[in-house]
file work-v9.pdb (PDB, C-alpha atoms, pLDDT in the B column)
MODEL        1
ATOM      1  CA  MET V   1     -15.779   8.776   1.606  1.00 86.00           C
ATOM      2  CA  ASP V   2     -15.278   5.482   3.418  1.00 93.00           C
ATOM      3  CA  ILE V   3     -12.542   2.931   2.859  1.00 95.00           C
ATOM      4  CA  THR V   4     -14.641  -0.222   2.549  1.00 96.00           C
ATOM      5  CA  ASP V   5     -11.959  -2.790   1.683  1.00 97.00           C
ATOM      6  CA  VAL V   6      -8.176  -3.122   1.753  1.00 97.00           C
ATOM      7  CA  ARG V   7      -6.502  -6.158   0.173  1.00 96.00           C
ATOM      8  CA  VAL V   8      -2.806  -6.770   0.717  1.00 96.00           C
ATOM      9  CA  ARG V   9      -0.984  -8.911  -1.844  1.00 90.00           C
ATOM     10  CA  ASN V  10       2.495  -9.828  -2.989  1.00 77.00           C
ATOM     11  CA  VAL V  11       4.093  -9.368   0.411  1.00 82.00           C
ATOM     12  CA  ALA V  12       7.901  -9.350   0.361  1.00 81.00           C
ATOM     13  CA  MET V  13      10.025  -9.808   3.446  1.00 77.00           C
ATOM     14  CA  GLU V  14      13.208  -8.505   1.793  1.00 84.00           C
ATOM     15  CA  GLY V  15      13.853  -5.248  -0.055  1.00 88.00           C
ATOM     16  CA  LYS V  16      12.194  -1.863   0.370  1.00 93.00           C
ATOM     17  CA  LEU V  17       8.964  -2.680  -1.512  1.00 94.00           C
ATOM     18  CA  LYS V  18       6.935  -4.649   1.024  1.00 94.00           C
ATOM     19  CA  ALA V  19       3.535  -5.139  -0.637  1.00 94.00           C
ATOM     20  CA  TYR V  20       1.001  -4.047  -3.205  1.00 95.00           C
ATOM     21  CA  VAL V  21      -2.436  -3.067  -1.917  1.00 97.00           C
ATOM     22  CA  THR V  22      -5.858  -2.639  -3.513  1.00 97.00           C
ATOM     23  CA  VAL V  23      -8.198  -0.158  -1.797  1.00 98.00           C
ATOM     24  CA  THR V  24     -11.963   0.095  -2.335  1.00 98.00           C
ATOM     25  CA  PHE V  25     -13.893   3.270  -1.492  1.00 97.00           C
ATOM     26  CA  ASP V  26     -17.632   3.292  -0.714  1.00 96.00           C
ATOM     27  CA  ASP V  27     -17.980  -0.168  -2.324  1.00 96.00           C
ATOM     28  CA  ALA V  28     -17.943   1.761  -5.605  1.00 97.00           C
ATOM     29  CA  PHE V  29     -14.402   2.820  -6.588  1.00 96.00           C
ATOM     30  CA  VAL V  30     -11.144   0.865  -6.495  1.00 97.00           C
ATOM     31  CA  VAL V  31      -7.478   1.886  -6.648  1.00 97.00           C
ATOM     32  CA  HIS V  32      -4.958  -0.854  -7.446  1.00 96.00           C
ATOM     33  CA  ASN V  33      -1.189  -0.958  -6.963  1.00 95.00           C
ATOM     34  CA  VAL V  34      -0.790   1.210  -3.886  1.00 97.00           C
ATOM     35  CA  LYS V  35       2.681   0.301  -2.608  1.00 96.00           C
ATOM     36  CA  VAL V  36       3.804  -0.284   0.967  1.00 97.00           C
ATOM     37  CA  ILE V  37       7.463   0.747   1.170  1.00 96.00           C
ATOM     38  CA  GLU V  38      10.010   0.432   3.971  1.00 94.00           C
ATOM     39  CA  GLY V  39      11.692   3.787   4.572  1.00 94.00           C
ATOM     40  CA  ASP V  40      14.248   5.020   7.071  1.00 94.00           C
ATOM     41  CA  ASP V  41      11.451   5.993   9.498  1.00 93.00           C
ATOM     42  CA  GLY V  42       9.233   2.915   8.977  1.00 93.00           C
ATOM     43  CA  VAL V  43       6.708   1.878   6.366  1.00 94.00           C
ATOM     44  CA  PHE V  44       4.747   4.351   4.258  1.00 96.00           C
ATOM     45  CA  ILE V  45       2.480   4.186   1.215  1.00 97.00           C
ATOM     46  CA  ALA V  46       3.129   5.308  -2.347  1.00 96.00           C
ATOM     47  CA  MET V  47       0.196   5.853  -4.650  1.00 97.00           C
ATOM     48  CA  PRO V  48       0.103   4.202  -8.092  1.00 96.00           C
ATOM     49  CA  SER V  49       2.143   6.135 -10.623  1.00 95.00           C
ATOM     50  CA  ARG V  50       3.282   6.139 -14.234  1.00 95.00           C
ATOM     51  CA  LYS V  51       6.509   7.231 -15.850  1.00 94.00           C
ATOM     52  CA  THR V  52       6.306  10.284 -18.125  1.00 95.00           C
ATOM     53  CA  LYS V  53       8.263  10.763 -21.346  1.00 96.00           C
ATOM     54  CA  LYS V  54      10.667  12.942 -19.339  1.00 95.00           C
ATOM     55  CA  GLY V  55      11.383  10.039 -16.976  1.00 96.00           C
ATOM     56  CA  GLU V  56       9.471  11.533 -14.046  1.00 95.00           C
ATOM     57  CA  TYR V  57       6.938   9.544 -12.050  1.00 92.00           C
ATOM     58  CA  LYS V  58       3.468  11.067 -11.618  1.00 94.00           C
ATOM     59  CA  ASP V  59       0.718   9.721  -9.363  1.00 93.00           C
ATOM     60  CA  VAL V  60      -2.249   8.284 -11.249  1.00 94.00           C
ATOM     61  CA  ALA V  61      -4.573   8.731  -8.257  1.00 92.00           C
ATOM     62  CA  HIS V  62      -3.870  10.399  -4.931  1.00 92.00           C
ATOM     63  CA  PRO V  63      -5.498  12.054  -1.898  1.00 94.00           C
ATOM     64  CA  ILE V  64      -5.834  15.817  -2.209  1.00 94.00           C
ATOM     65  CA  ASN V  65      -5.714  16.692   1.479  1.00 95.00           C
ATOM     66  CA  THR V  66      -3.514  15.786   4.429  1.00 96.00           C
ATOM     67  CA  ASP V  67      -6.309  14.413   6.622  1.00 95.00           C
ATOM     68  CA  PHE V  68      -7.469  11.879   4.064  1.00 95.00           C
ATOM     69  CA  ARG V  69      -3.897  10.902   3.168  1.00 95.00           C
ATOM     70  CA  GLY V  70      -3.206  10.233   6.858  1.00 95.00           C
ATOM     71  CA  ALA V  71      -6.374   8.162   7.274  1.00 96.00           C
ATOM     72  CA  LEU V  72      -5.614   6.188   4.115  1.00 97.00           C
ATOM     73  CA  GLN V  73      -2.022   5.507   5.131  1.00 97.00           C
ATOM     74  CA  GLU V  74      -3.077   4.489   8.651  1.00 97.00           C
ATOM     75  CA  ARG V  75      -5.688   2.025   7.349  1.00 97.00           C
ATOM     76  CA  ILE V  76      -3.381   0.495   4.729  1.00 97.00           C
ATOM     77  CA  ILE V  77      -0.471   0.077   7.143  1.00 97.00           C
ATOM     78  CA  SER V  78      -2.810  -1.427   9.753  1.00 96.00           C
ATOM     79  CA  GLU V  79      -4.054  -4.001   7.222  1.00 96.00           C
ATOM     80  CA  TYR V  80      -0.490  -4.672   6.056  1.00 95.00           C
ATOM     81  CA  ASN V  81       0.619  -5.311   9.659  1.00 94.00           C
ATOM     82  CA  LYS V  82      -2.323  -7.692  10.206  1.00 93.00           C
ATOM     83  CA  HIS V  83      -1.440  -9.508   7.003  1.00 91.00           C
ATOM     84  CA  ILE V  84       2.215 -10.046   7.871  1.00 86.00           C
ATOM     85  CA  ASN V  85       1.379 -11.058  11.449  1.00 83.00           C
ATOM     86  CA  ASP V  86      -1.129 -13.662  10.206  1.00 79.00           C
ATOM     87  CA  ALA V  87       1.162 -15.070   7.501  1.00 64.00           C
ATOM     88  CA  PRO V  88       2.758 -18.433   8.224  1.00 56.00           C
ATOM     89  CA  ILE V  89       6.460 -18.263   9.025  1.00 50.00           C
ATOM     90  CA  MET V  90       8.556 -20.517   6.821  1.00 45.00           C
ATOM     91  CA  ASP V  91      12.072 -21.559   7.677  1.00 48.00           C
ATOM     92  CA  ASP V  92      14.861 -23.280   5.743  1.00 47.00           C
ATOM     93  CA  ASN V  93      13.758 -26.710   6.986  1.00 46.00           C
ATOM     94  CA  TYR V  94      10.372 -26.493   5.287  1.00 42.00           C
TER
ENDMDL
END

call {"tool": "encode", "arguments": {"input": "work-v9.pdb", "output": "structure tokens"}}
result
Amino acid sequence: MDITDVRVRNVAMEGKLKAYVTVTFDDAFVVHNVKVIEGDDGVFIAMPSRKTKKGEYKDVAHPINTDFRGALQERIISEYNKHINDAPIMDDNY
């Protein structure tokens, strides 16, 4: 399965939630609302989830093996880094 598109949106410079990402696989399947989160050891991804009646959060879609999770995280974080490096920097004088 190939990751054929990664779209970064709603980038935040403050707070732990840094961006939402949409990922397309094989030009045939899309997963929305993957989160890029700033943790103590750097950024990581969190798959889309929903809250259960018990108040727990469960992933709606997620990788089922470590290799694919690593490849997915690497690609998303790479695209996120490109996105923030290409974004115009705005200061208070704008």

call {"tool": "closest_residue", "arguments": {"input": "work-v9.pdb", "among": "V:Thr4, V:Val43, V:Asn33, V:Phe25", "to": "Glu74 of chain V", "atoms": "all atoms listed in the file"}}
result
V:Val43

call {"tool": "axis_aligned_box", "arguments": {"input": "work-v9.pdb", "around": "segment 30-45 of chain V", "padding_each_side": "6 Å", "output": "lines of an AutoDock Vina configuration file"}}
result
center_x = 1.6
center_y = 2.5
center_z = 1.0
size_x = 37.4
size_y = 19.0
size_z = 28.9

call {"tool": "resolve_selection", "arguments": {"input": "work-v9.pdb", "expression": "the PyMOL selection byres ((chain V and resi 84) around 10)", "output": "ChimeraX atom specification"}}
result
/V:8,11-13,18-19,79-83,85-89

call {"tool": "residues_near_point", "arguments": {"input": "work-v9.pdb", "point": "(-18.6, 4.1, 1.7)", "cutoff": "12 Å", "atoms": "all atoms listed in the file", "output": "NGL selection string"}}
result
:V and (1-5 or 23-30)

call {"tool": "closest_residue", "arguments": {"input": "work-v9.pdb", "among": "V:Lys16, V:Arg75, V:His62, V:Lys51", "to": "Glu38 of chain V", "atoms": "all atoms listed in the file"}}
result
V:Lys16

call {"tool": "resolve_selection", "arguments": {"input": "work-v9.pdb", "expression": "the PyMOL selection byres ((chain V and resi 22) around 6)", "output": "list in words"}}
result
Val6, Arg7, Val21, Val23, Val31 and His32 of chain V

call {"tool": "closest_residue", "arguments": {"input": "work-v9.pdb", "among": "V:Gly15, V:Ile64, V:Ile76, V:Ala71", "to": "Ile45 of chain V", "atoms": "all atoms listed in the file"}}
result
V:Ile76

call {"tool": "atom_distance", "arguments": {"input": "work-v9.pdb", "atom1": "atom CA of Val60 of chain V", "atom2": "atom CA of Leu17 of chain V"}}
result
18.5 Å

call {"tool": "atom_distance", "arguments": {"input": "work-v9.pdb", "atom1": "atom CA of Thr66 of chain V", "atom2": "atom CA of Thr52 of chain V"}}
result
25.2 Å

call {"tool": "atom_distance", "arguments": {"input": "work-v9.pdb", "atom1": "atom CA of Met47 of chain V", "atom2": "atom CA of Phe68 of chain V"}}
result
13.1 Å

call {"tool": "build_atoms", "arguments": {"input": "work-v9.pdb", "residues": "segment 36-63 of chain V", "atoms": "N, CA and C atoms", "output": "short mmCIF file (atom, residue, chain, number, x, y, z; two decimals), in the coordinates of the input"}}
result
data_model
loop_
_atom_site.label_atom_id
_atom_site.label_comp_id
_atom_site.auth_asym_id
_atom_site.auth_seq_id
_atom_site.Cartn_x
_atom_site.Cartn_y
_atom_site.Cartn_z
N VAL V 36 3.32 -0.45 -0.40
CA VAL V 36 3.80 -0.28 0.97
C VAL V 36 5.32 -0.39 0.87
N ILE V 37 6.01 0.65 1.32
CA ILE V 37 7.46 0.75 1.17
C ILE V 37 8.11 0.95 2.54
N GLU V 38 9.23 0.27 2.74
CA GLU V 38 10.01 0.43 3.97
C GLU V 38 10.97 1.60 3.79
N GLY V 39 10.80 2.63 4.61
CA GLY V 39 11.69 3.79 4.57
C GLY V 39 12.57 3.83 5.81
N ASP V 40 13.36 4.86 5.91
CA ASP V 40 14.25 5.02 7.07
C ASP V 40 13.47 5.18 8.38
N ASP V 41 12.27 5.76 8.30
CA ASP V 41 11.45 5.99 9.50
C ASP V 41 10.28 5.03 9.61
N GLY V 42 10.32 3.89 8.94
CA GLY V 42 9.23 2.92 8.98
C GLY V 42 8.53 2.81 7.64
N VAL V 43 7.42 2.08 7.62
CA VAL V 43 6.71 1.88 6.37
C VAL V 43 5.83 3.08 6.05
N PHE V 44 5.64 3.30 4.74
CA PHE V 44 4.75 4.35 4.26
C PHE V 44 4.12 3.86 2.97
N ILE V 45 3.12 4.58 2.46
CA ILE V 45 2.48 4.19 1.22
C ILE V 45 2.92 5.11 0.08
N ALA V 46 2.90 4.55 -1.12
CA ALA V 46 3.13 5.31 -2.35
C ALA V 46 1.97 5.00 -3.28
N MET V 47 1.35 6.03 -3.78
CA MET V 47 0.20 5.85 -4.65
C MET V 47 0.65 5.34 -6.02
N PRO V 48 -0.27 4.70 -6.77
CA PRO V 48 0.10 4.20 -8.09
C PRO V 48 0.57 5.35 -8.98
N SER V 49 1.58 5.08 -9.79
CA SER V 49 2.14 6.14 -10.62
C SER V 49 2.52 5.59 -11.99
N ARG V 50 2.81 6.51 -12.90
CA ARG V 50 3.28 6.14 -14.23
C ARG V 50 4.48 7.00 -14.57
N LYS V 51 5.31 6.51 -15.44
CA LYS V 51 6.51 7.23 -15.85
C LYS V 51 6.18 8.10 -17.07
N THR V 52 6.54 9.38 -17.00
CA THR V 52 6.31 10.28 -18.12
C THR V 52 7.42 10.14 -19.16
N LYS V 53 7.24 10.78 -20.30
CA LYS V 53 8.26 10.76 -21.35
C LYS V 53 9.56 11.40 -20.87
N LYS V 54 9.48 12.29 -19.89
CA LYS V 54 10.67 12.94 -19.34
C LYS V 54 11.34 12.09 -18.26
N GLY V 55 10.79 10.92 -17.98
CA GLY V 55 11.38 10.04 -16.98
C GLY V 55 10.94 10.31 -15.55
N GLU V 56 9.99 11.22 -15.38
CA GLU V 56 9.47 11.53 -14.05
C GLU V 56 8.29 10.61 -13.74
N TYR V 57 8.09 10.35 -12.47
CA TYR V 57 6.94 9.54 -12.05
C TYR V 57 5.85 10.47 -11.53
N LYS V 58 4.63 10.27 -12.02
CA LYS V 58 3.47 11.07 -11.62
C LYS V 58 2.39 10.13 -11.07
N ASP V 59 1.80 10.52 -9.93
CA ASP V 59 0.72 9.72 -9.36
C ASP V 59 -0.46 9.66 -10.33
N VAL V 60 -1.06 8.47 -10.43
CA VAL V 60 -2.25 8.28 -11.25
C VAL V 60 -3.49 8.69 -10.45
N ALA V 61 -3.49 8.36 -9.17
CA ALA V 61 -4.57 8.73 -8.26
C ALA V 61 -3.93 9.04 -6.92
N HIS V 62 -4.47 10.04 -6.22
CA HIS V 62 -3.87 10.40 -4.93
C HIS V 62 -4.83 11.23 -4.10
N PRO V 63 -4.69 11.19 -2.76
CA PRO V 63 -5.50 12.05 -1.90
C PRO V 63 -5.14 13.52 -2.15
#
